[in-house]
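What follows is data.csv (CSV, C-alpha atoms).
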chain,number,residue,atom,x,y,z
A,1431,MET,CA,4.5,-24.8,17.2
A,1432,ARG,CA,7.6,-26.6,18.4
A,1433,SER,CA,8.4,-28.8,15.4
A,1434,PRO,CA,12.1,-29.0,14.4
A,1435,GLU,CA,11.4,-27.0,11.3
A,1436,VAL,CA,9.8,-24.1,13.2
A,1437,MET,CA,12.5,-24.1,15.9
A,1438,ALA,CA,15.2,-23.9,13.2
A,1439,ALA,CA,13.3,-21.0,11.6
A,1440,ARG,CA,13.3,-19.2,14.9
A,1441,SER,CA,17.1,-19.4,15.0
A,1442,ARG,CA,17.3,-17.6,11.7
A,1443,GLY,CA,15.6,-14.5,13.0
A,1444,VAL,CA,11.8,-14.6,13.0
A,1445,LEU,CA,10.2,-11.2,12.5
A,1446,ASN,CA,6.5,-12.1,12.2
A,1447,LEU,CA,4.1,-15.0,12.4
A,1448,ARG,CA,0.5,-15.0,11.1
A,1449,PHE,CA,-2.2,-17.5,10.5
A,1450,ASN,CA,-4.2,-17.6,7.2
A,1451,GLN,CA,-7.9,-17.0,7.3
A,1452,ASP,CA,-8.9,-20.6,8.1
A,1453,GLN,CA,-6.0,-21.0,10.5
A,1454,GLY,CA,-4.9,-24.1,8.6
A,1455,CYS,CA,-1.5,-22.5,7.6
A,1456,PHE,CA,0.8,-19.8,9.0
A,1457,THR,CA,3.5,-17.7,7.5
A,1458,CYS,CA,6.9,-17.1,9.1
A,1459,CYS,CA,8.7,-13.8,8.0
A,1460,MET,CA,12.4,-14.0,8.7
A,1461,GLU,CA,15.6,-12.1,8.1
A,1462,THR,CA,16.4,-14.9,5.6
A,1463,GLY,CA,13.1,-14.8,3.6
A,1464,LEU,CA,9.7,-16.4,4.0
A,1465,ARG,CA,8.5,-19.8,5.1
A,1466,ILE,CA,4.9,-21.1,4.9
A,1467,TYR,CA,3.8,-24.0,7.2
A,1468,ASN,CA,0.9,-26.3,7.3
A,1469,VAL,CA,-0.7,-26.6,10.8
A,1470,ASN,CA,-1.9,-30.2,11.1
A,1471,PRO,CA,0.5,-31.8,10.7
A,1472,ILE,CA,3.1,-29.1,11.2
A,1473,GLU,CA,5.3,-29.2,8.1
A,1474,GLU,CA,6.9,-26.7,5.7
A,1475,ARG,CA,4.8,-26.2,2.6
A,1476,ALA,CA,6.9,-23.5,0.8
A,1477,HIS,CA,9.9,-21.4,1.3
A,1478,TYR,CA,11.2,-18.3,-0.5
A,1479,ASP,CA,14.8,-17.3,0.0
A,1480,LEU,CA,16.5,-13.9,0.6
A,1481,ASP,CA,17.3,-13.3,-3.1
A,1482,LEU,CA,13.6,-13.4,-4.1
A,1483,MET,CA,11.9,-11.8,-1.0
A,1484,GLY,CA,14.6,-10.2,1.1
A,1485,SER,CA,13.9,-9.9,4.8
A,1486,LEU,CA,10.2,-9.4,5.5
A,1487,SER,CA,8.2,-7.8,8.3
A,1488,GLN,CA,4.7,-9.1,7.2
A,1489,CYS,CA,3.0,-11.7,5.1
A,1490,GLU,CA,-0.7,-12.2,4.5
A,1491,MET,CA,-1.9,-15.4,2.8
A,1492,LEU,CA,-5.3,-15.6,0.9
A,1493,TYR,CA,-6.6,-18.8,2.4
A,1494,ARG,CA,-4.7,-21.6,0.5
A,1495,THR,CA,-4.7,-19.8,-2.9
A,1496,ASN,CA,-1.7,-19.0,-4.9
A,1497,TYR,CA,-1.8,-15.3,-3.7
A,1498,PHE,CA,-0.1,-13.8,-0.7
A,1499,ALA,CA,1.0,-10.2,0.1
A,1500,VAL,CA,4.3,-9.2,1.7
A,1501,VAL,CA,5.9,-6.1,3.2
A,1502,SER,CA,9.7,-5.7,3.5
A,1503,GLY,CA,11.4,-5.2,6.8
A,1504,GLY,CA,14.3,-6.4,9.0
A,1505,ASN,CA,18.0,-5.9,8.2
A,1506,ARG,CA,18.1,-7.0,4.6
A,1507,PRO,CA,15.0,-5.7,2.9
A,1508,LYS,CA,14.7,-6.1,-0.9
A,1509,PHE,CA,11.9,-3.5,-1.3
A,1510,ALA,CA,10.7,-0.3,0.4
A,1511,ASN,CA,8.7,-0.6,3.6
A,1512,ASN,CA,5.9,1.6,2.1
A,1513,THR,CA,5.1,-0.9,-0.6
A,1514,VAL,CA,2.8,-4.0,-0.6
A,1515,LEU,CA,3.8,-6.6,-3.1
A,1516,ILE,CA,1.3,-9.4,-4.0
A,1517,TYR,CA,2.9,-12.6,-5.2
A,1518,ASN,CA,1.3,-15.2,-7.4
A,1519,ASP,CA,2.9,-18.6,-6.6
A,1520,GLN,CA,1.4,-20.2,-9.7
A,1521,GLU,CA,3.2,-17.7,-12.0
A,1522,LYS,CA,6.2,-17.5,-9.7
A,1523,LYS,CA,6.3,-13.7,-9.7
A,1524,PHE,CA,5.0,-10.5,-8.1
A,1525,VAL,CA,1.9,-9.5,-9.9
A,1526,TYR,CA,0.7,-6.4,-8.0
A,1527,GLU,CA,2.4,-3.5,-6.3
A,1528,LEU,CA,0.8,-0.9,-4.0
A,1529,THR,CA,2.9,2.1,-2.8
A,1530,PHE,CA,2.0,4.5,-0.1
A,1531,THR,CA,3.4,7.7,1.3
A,1532,SER,CA,4.4,6.2,4.7
A,1533,PRO,CA,5.4,2.7,5.9
A,1534,VAL,CA,2.9,-0.1,5.7
A,1535,LYS,CA,1.9,-1.3,9.2
A,1536,ALA,CA,-0.5,-4.1,8.1
A,1537,VAL,CA,-2.1,-5.8,5.1
A,1538,ARG,CA,-5.2,-7.9,5.1
A,1539,LEU,CA,-6.7,-9.9,2.2
A,1540,ARG,CA,-10.1,-11.0,1.2
A,1541,LYS,CA,-11.0,-12.8,-2.0
A,1542,ASP,CA,-12.5,-9.5,-3.2
A,1543,LYS,CA,-10.5,-6.8,-1.4
A,1544,VAL,CA,-7.1,-5.7,-0.1
A,1545,ILE,CA,-6.9,-3.6,3.1
A,1546,VAL,CA,-3.7,-1.7,3.9
A,1547,ALA,CA,-3.0,0.1,7.2
A,1548,THR,CA,-0.5,2.9,7.6
A,1549,SER,CA,0.1,4.8,10.8
A,1550,ASN,CA,-2.9,7.1,10.2
A,1551,GLU,CA,-4.9,5.6,7.4
A,1552,ILE,CA,-6.9,2.5,6.3
A,1553,ASN,CA,-6.9,2.0,2.5
A,1554,VAL,CA,-9.4,-0.3,0.9
A,1555,PHE,CA,-8.8,-1.7,-2.7
A,1556,SER,CA,-10.8,-3.9,-5.0
A,1557,PHE,CA,-9.1,-7.3,-5.8
A,1558,PRO,CA,-7.9,-9.1,-7.8
A,1559,SER,CA,-8.5,-7.5,-11.2
A,1560,PRO,CA,-8.3,-4.7,-11.5
A,1561,ILE,CA,-6.9,-3.4,-8.2
A,1562,GLN,CA,-8.5,0.0,-7.6
A,1563,ARG,CA,-8.5,2.2,-4.5
A,1564,LEU,CA,-12.1,2.2,-3.3
A,1565,PHE,CA,-11.7,4.6,-0.4
A,1566,THR,CA,-9.3,5.8,2.4
A,1567,LEU,CA,-10.2,6.3,6.1
A,1568,GLU,CA,-8.3,8.4,8.5
A,1569,THR,CA,-7.5,6.8,11.9
A,1570,ARG,CA,-6.0,7.6,15.2
A,1571,LYS,CA,-2.2,7.0,15.2
A,1572,ASN,CA,-1.9,3.3,14.6
A,1573,GLU,CA,1.7,2.2,14.9
A,1574,LEU,CA,0.6,-1.4,15.6
A,1575,GLY,CA,-1.3,-1.6,12.4
A,1576,LEU,CA,-4.5,-2.8,14.1
A,1577,VAL,CA,-7.0,-3.7,11.4
A,1578,GLU,CA,-9.1,-6.9,10.8
A,1579,VAL,CA,-11.6,-7.9,8.3
A,1580,SER,CA,-14.2,-10.7,8.3
A,1581,PRO,CA,-13.2,-13.3,5.7
A,1582,VAL,CA,-16.4,-15.0,4.9
A,1583,MET,CA,-17.6,-14.1,1.4
A,1584,THR,CA,-21.2,-15.4,1.9
A,1585,ALA,CA,-21.8,-13.4,5.1
A,1586,GLU,CA,-24.4,-10.6,4.8
A,1587,ARG,CA,-22.0,-8.2,6.5
A,1588,GLN,CA,-18.3,-7.8,5.7
A,1589,ILE,CA,-17.0,-6.1,8.8
A,1590,LEU,CA,-13.8,-4.0,8.9
A,1591,ALA,CA,-12.5,-3.2,12.4
A,1592,PHE,CA,-9.8,-0.6,13.1
A,1593,PRO,CA,-9.0,2.0,15.9
A,1594,GLY,CA,-11.3,4.9,16.3
A,1595,HIS,CA,-10.3,8.6,16.7
A,1596,LYS,CA,-10.9,8.4,20.5
A,1597,GLN,CA,-8.4,6.6,22.7
A,1598,GLY,CA,-9.6,3.0,23.3
A,1599,SER,CA,-12.3,3.1,20.7
A,1600,VAL,CA,-12.8,0.7,17.8
A,1601,GLN,CA,-14.6,1.6,14.5
A,1602,LEU,CA,-16.7,-0.9,12.5
A,1603,LEU,CA,-17.5,-0.5,8.8
A,1604,ASP,CA,-19.6,-2.8,6.7
A,1605,LEU,CA,-17.8,-3.2,3.4
A,1606,ALA,CA,-20.8,-4.7,1.8
A,1607,ALA,CA,-22.6,-1.4,2.1
A,1608,THR,CA,-19.8,0.6,0.4
A,1609,GLU,CA,-19.3,1.6,-3.2
A,1610,ALA,CA,-16.3,2.7,-5.2
A,1611,GLY,CA,-15.3,6.2,-4.3
A,1612,MET,CA,-17.5,6.5,-1.3
A,1613,SER,CA,-18.2,4.7,2.0
A,1614,SER,CA,-20.9,4.5,4.6
A,1615,ALA,CA,-20.0,6.1,8.0
A,1616,PRO,CA,-18.2,3.8,10.4
A,1617,VAL,CA,-19.8,3.2,13.8
A,1618,THR,CA,-17.8,3.5,17.0
A,1619,ILE,CA,-17.6,1.4,20.1
A,1620,ASN,CA,-15.9,2.9,23.1
A,1621,ALA,CA,-14.2,-0.3,24.1
A,1622,HIS,CA,-11.4,0.7,26.6
A,1623,GLN,CA,-10.0,3.6,28.5
A,1624,GLY,CA,-6.4,2.9,27.4
A,1625,GLU,CA,-5.0,2.6,23.9
A,1626,LEU,CA,-6.1,-0.4,21.8
A,1627,ALA,CA,-3.4,-3.1,21.6
A,1628,CYS,CA,-5.2,-6.1,20.0
A,1629,LEU,CA,-8.2,-6.7,17.8
A,1630,ALA,CA,-9.9,-9.8,16.4
A,1631,LEU,CA,-13.1,-10.6,14.4
A,1632,ASN,CA,-14.9,-13.9,14.4
A,1633,HIS,CA,-15.2,-15.7,11.1
A,1634,GLN,CA,-18.7,-14.4,10.4
A,1635,GLY,CA,-18.0,-10.8,11.4
A,1636,THR,CA,-20.7,-10.8,14.1
A,1637,MET,CA,-18.3,-10.4,17.0
A,1638,VAL,CA,-15.2,-8.3,17.7
A,1639,ALA,CA,-12.8,-8.8,20.5
A,1640,THR,CA,-10.7,-5.9,21.9
A,1641,ALA,CA,-7.9,-5.5,24.4
A,1642,SER,CA,-6.1,-2.4,25.6
A,1643,ASP,CA,-2.4,-1.8,26.2
A,1644,LYS,CA,-2.9,-2.8,29.8
A,1645,GLY,CA,-3.6,-6.4,28.6
A,1646,THR,CA,-5.7,-7.6,31.6
A,1647,LEU,CA,-9.2,-7.7,30.0
A,1648,ILE,CA,-10.6,-8.8,26.7
A,1649,ARG,CA,-14.0,-7.5,25.8
A,1650,VAL,CA,-16.2,-9.2,23.2
A,1651,TRP,CA,-18.8,-7.0,21.4
A,1652,ASP,CA,-21.8,-7.7,19.1
A,1653,THR,CA,-20.9,-5.9,15.9
A,1654,THR,CA,-24.6,-5.4,14.9
A,1655,ARG,CA,-26.0,-4.1,18.2
A,1656,ARG,CA,-22.7,-2.7,19.4
A,1657,ILE,CA,-23.2,-4.1,22.9
A,1658,LEU,CA,-20.8,-5.8,25.2
A,1659,LEU,CA,-21.4,-9.6,25.2
A,1660,VAL,CA,-18.8,-10.7,27.7
A,1661,GLU,CA,-15.7,-9.4,29.6
A,1662,LEU,CA,-12.9,-11.9,30.0
A,1663,ARG,CA,-9.9,-11.5,32.4
A,1664,ARG,CA,-6.5,-12.6,31.1
A,1665,GLY,CA,-4.9,-11.8,34.4
A,1666,SER,CA,-4.4,-9.1,37.0
A,1667,ASP,CA,-0.9,-7.8,36.0
A,1668,PRO,CA,-0.3,-5.8,32.8
A,1669,ALA,CA,0.8,-7.8,29.8
A,1670,THR,CA,1.4,-7.3,26.0
A,1671,LEU,CA,-1.1,-9.3,24.1
A,1672,TYR,CA,0.3,-10.8,20.9
A,1673,CYS,CA,-2.8,-12.5,19.5
A,1674,ILE,CA,-6.5,-13.1,20.0
A,1675,ASN,CA,-8.5,-15.6,17.9
A,1676,PHE,CA,-12.0,-17.0,17.8
A,1677,SER,CA,-12.8,-20.6,17.1
A,1678,ARG,CA,-14.5,-21.2,13.7
A,1679,ASN,CA,-17.9,-21.7,15.4
A,1680,SER,CA,-17.3,-18.7,17.7
A,1681,GLU,CA,-17.9,-20.9,20.8
A,1682,PHE,CA,-14.4,-20.3,22.2
A,1683,LEU,CA,-11.7,-17.6,22.2
A,1684,CYS,CA,-7.9,-17.9,22.8
A,1685,CYS,CA,-5.2,-15.3,23.5
A,1686,CYS,CA,-1.5,-15.2,24.2
A,1687,SER,CA,0.8,-12.6,25.7
A,1688,ASP,CA,4.4,-12.0,26.8
A,1689,LYS,CA,3.6,-13.8,30.1
A,1690,GLY,CA,4.1,-17.1,28.3
A,1691,THR,CA,0.6,-18.4,28.9
A,1692,ILE,CA,-2.1,-19.2,26.3
A,1693,HIS,CA,-5.6,-18.7,27.7
A,1694,ILE,CA,-8.8,-20.3,26.4
A,1695,PHE,CA,-12.3,-18.9,27.2
A,1696,ALA,CA,-15.8,-20.1,26.5
A,1697,LEU,CA,-18.1,-17.7,24.7
A,1698,LYS,CA,-21.2,-19.8,24.2
A,1699,ASP,CA,-21.3,-21.7,27.5
A,1700,THR,CA,-19.7,-19.0,29.7
A,1701,HIS,CA,-20.4,-21.0,32.9
A,1702,LEU,CA,-17.4,-23.1,31.8
A,1703,ASN,CA,-15.2,-20.1,32.6
A,1704,ARG,CA,-13.7,-20.0,36.0
A,1705,ARG,CA,-14.8,-17.3,38.5
A,1706,SER,CA,-13.3,-16.1,41.8
A,1707,SER,CA,-14.6,-17.9,44.9
A,1708,LEU,CA,-15.5,-14.4,46.2
A,1709,SER,CA,-17.5,-13.4,43.2
A,1710,LYS,CA,-20.8,-13.9,45.0
A,1711,THR,CA,-19.8,-11.8,48.0
A,1712,GLY,CA,-19.4,-8.6,45.9
A,1713,LEU,CA,-16.3,-7.7,48.0
A,1714,LEU,CA,-14.0,-7.4,45.0
A,1715,GLY,CA,-16.4,-5.5,42.7
A,1716,SER,CA,-16.0,-6.0,39.0
A,1717,TYR,CA,-12.7,-7.8,39.5
A,1718,GLY,CA,-14.4,-10.5,41.6
A,1719,ALA,CA,-17.1,-10.9,38.9
A,1720,SER,CA,-14.6,-11.4,36.1
A,1721,GLN,CA,-14.7,-14.5,34.0
A,1722,TRP,CA,-11.3,-16.3,34.0
A,1723,ALA,CA,-10.0,-18.7,31.4
A,1724,LEU,CA,-11.5,-22.2,31.5
A,1725,ALA,CA,-8.0,-23.6,30.6
A,1726,THR,CA,-4.4,-22.4,30.2
A,1727,TYR,CA,-1.1,-23.7,29.1
A,1728,THR,CA,2.4,-22.3,29.0
A,1729,VAL,CA,4.9,-21.6,26.2
A,1730,PRO,CA,8.4,-20.2,26.5
A,1731,PRO,CA,7.8,-16.6,27.7
A,1732,GLU,CA,10.9,-15.3,25.9
A,1733,CYS,CA,9.4,-16.2,22.5
A,1734,ALA,CA,6.6,-14.1,21.0
A,1735,CYS,CA,3.9,-16.6,19.9
A,1736,ILE,CA,0.5,-16.7,18.2
A,1737,CYS,CA,-2.4,-19.0,18.9
A,1738,ALA,CA,-5.5,-20.2,17.1
A,1739,PHE,CA,-8.0,-23.1,17.0
A,1740,GLY,CA,-7.6,-26.2,14.9
A,1741,SER,CA,-10.0,-29.0,14.1
A,1742,HIS,CA,-12.5,-30.0,16.8
A,1743,ASN,CA,-11.7,-26.8,18.8
A,1744,SER,CA,-8.1,-28.0,19.5
A,1745,VAL,CA,-5.8,-25.1,20.3
A,1746,ILE,CA,-2.6,-24.4,18.4
A,1747,GLY,CA,0.1,-22.2,19.9

Please lay out the structure from this file as structure tokens.
Amino acid sequence: MRSPEVMAARSRGVLNLRFNQDQGCFTCCMETGLRIYNVNPIEERAHYDLDLMGSLSQCEMLYRTNYFAVVSGGNRPKFANNTVLIYNDQEKKFVYELTFTSPVKAVRLRKDKVIVATSNEINVFSFPSPIQRLFTLETRKNELGLVEVSPVMTAERQILAFPGHKQGSVQLLDLAATEAGMSSAPVTINAHQGELACLALNHQGTMVATASDKGTLIRVWDTTRRILLVELRRGSDPATLYCINFSRNSEFLCCCSDKGTIHIFALKDTHLNRRSSLSKTGLLGSYGASQWALATYTVPPECACICAFGSHNSVIG
């Protein structure tokens, strides 16, 4: 994402970037307000200045509908950071407000639900009318606001993924099996030994990808059987992962980190992934057996970035 418009936005203090659910648009939260960009071609589709939005820490679009949710942050916030505001662009006003007892770490939208993460809770609401709290789940301390929800409305299972109570674990909850005021018990996958640092669900909610704060391995799990499908190696040195995303058909996965490299892995035809020349000898143990990216490309390492898949499995970063 190196268009003149995006580079100019960076110079104004970018606080957060996030793709919408179909990865056809992305939001840019800045000290000077909000910008929304189309991906292909990359062009600005909307902007909201400081006097309306203030500086923002988060924005979540609802596909390409007129709704999006924002959370204040940065140096010139207009609202409290414990409040989620939902804006209706058609009506040109904020139409919903959700306030919590602690700062909001993340907000996710489905066409039928709003999910809000604080440092120790996941809150699930019905949407759009009326907005009602369905239930609240306690979590391990979650300062990164790790929470993802599968977006497909027609899928049999509507998976919500968030950190479990045990270090390195992820909990999965099927929202389709819940009712107002109660929820089915989440299931737990012990994904890593270290703290979770990044989560991603595929579009259908059948797979979840996890990475720890070490940032060397990405593990992909089957959400139904709760088994490990594949282990992917980003690198051998620790890194901070900014983003993991599946392709729409779940055949590929991409990730990016503070090392300034975007990695692309195959999930369906895993023989496409590179392997160490010593993998058959067994001398390097599990390290030697790791699956490395089938392709990589670099971005400026001093800039936090996000990556996703566009049309025909092209990679956007």

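Minimum distance to Cys1489 of chain A across A:Thr1529, A:Gln1451, A:Asn1446, A:Ser1720 (counting only C-alpha atoms) occurs at A:Asn1446.
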
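With distances taken over all atoms listed in the file, A:Val1650 is the one residue among A:Val1650, A:Val1544, A:Leu1603, A:Tyr1478 lying closest to Lys1698 of chain A.
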
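Take the candidates A:Gly1747, A:Ala1738, A:Ser1549, A:Lys1508 and check each one against Gly1454 of chain A using all atoms listed in the file; the shortest distance goes to A:Ala1738.
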
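With all atoms listed in the file as the atoms that count, the residue of A:Leu1567, A:Met1637, A:Leu1602, A:Leu1492 with the shortest distance to Ile1516 of chain A is A:Leu1492.
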
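The space separating atom CA of Gly1594 of chain A from atom CA of Phe1498 of chain A comes to 27.6 Å.
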
Rounded to one decimal, what separation in Å do you get between atom CA of Thr1654 of chain A and atom CA of Pro1558 of chain A? 28.4 Å

Determine, for each residue of segment 1550-1638 of chain A having at least one atom at most 7 Å from an atom of segment 1661-1679 of chain A, the closest pair of atoms and their separation in Å to one decimal, counting only C-alpha atoms; order by chain and ascending number, as a tab-separated table.
residue	atom	partner	partner_atom	distance
A:Cys1628	CA	A:Leu1671	CA	6.6
A:Leu1629	CA	A:Ile1674	CA	7.0
A:Ala1630	CA	A:Ile1674	CA	6.0
A:Asn1632	CA	A:Phe1676	CA	5.4
A:His1633	CA	A:Arg1678	CA	6.1

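With only C-alpha atoms as the atoms that count, the minimum distance from Arg1705 of chain A to the choices A:Val1617, A:Ala1536, A:Val1514, A:Leu1724 is reached by A:Leu1724.
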
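Between Asn1572 of chain A and the residues A:Val1525, A:Ala1641, A:Ala1627, A:Ile1746, the shortest atom-to-atom distance, using only C-alpha atoms, involves A:Ala1627.
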
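Pairwise distance (atom CA of Asn1553 of chain A, atom CA of Cys1459 of chain A) equals 22.9 Å.
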
Skipping near chain neighbours, those fewer than 4 positions away, what residues fall within 10 Å of Phe1695 of chain A using only C-alpha atoms, listed as a list in words? Leu1662, Arg1663, Arg1664, Phe1676, Glu1681, Phe1682, Leu1683, Cys1684, Cys1685, Asp1699, Thr1700, Leu1702, Asn1703, Arg1704, Gln1721, Trp1722, Ala1723, Leu1724, Ala1725 and Thr1726 of chain A

Taking the point (-7.2, -0.5, 27.0) as given in the file, collect each protein or nucleic acid residue that comes within 7 Å of it, counting all atoms listed in the file, and present the set as a ChimeraX atom specification. /A:1598,1622-1626,1641-1644

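Using only C-alpha atoms, the contacts of Tyr1727 of chain A at a cut-off of 9 Å, with sequence neighbours closer than 4 positions omitted, comprise Gly1690, Thr1691, Ile1692, His1693 and Ile1694 of chain A.
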
Please identify all polymer residues within 9 Å of Gln1588 of chain A, counting only C-alpha atoms, omitting same-chain residues fewer than 2 positions from it, and present them as a PyMOL selection string. chain A and resi 1579-1586+1590+1603-1607+1634-1635

Please identify all polymer residues within 9 Å of Val1500 of chain A, counting only C-alpha atoms, omitting same-chain residues fewer than 6 positions from it, and present them as a PyMOL selection string. chain A and resi 1459+1483+1486-1491+1513-1517+1537

Please return, as a count of residues only, all polymer residues that have at least one atom within 9 Å of the point (15.1, -13.3, 4.9); use all atoms listed in the file and the file's own coordinate frame. 21

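With only C-alpha atoms taken into account, the protein and nucleic acid residues at most 6 Å from Phe1555 of chain A (excluding it and anything under 4 positions from it in its own chain) are Lys1543, Val1544, Gln1562, Arg1563 and Leu1564 of chain A.
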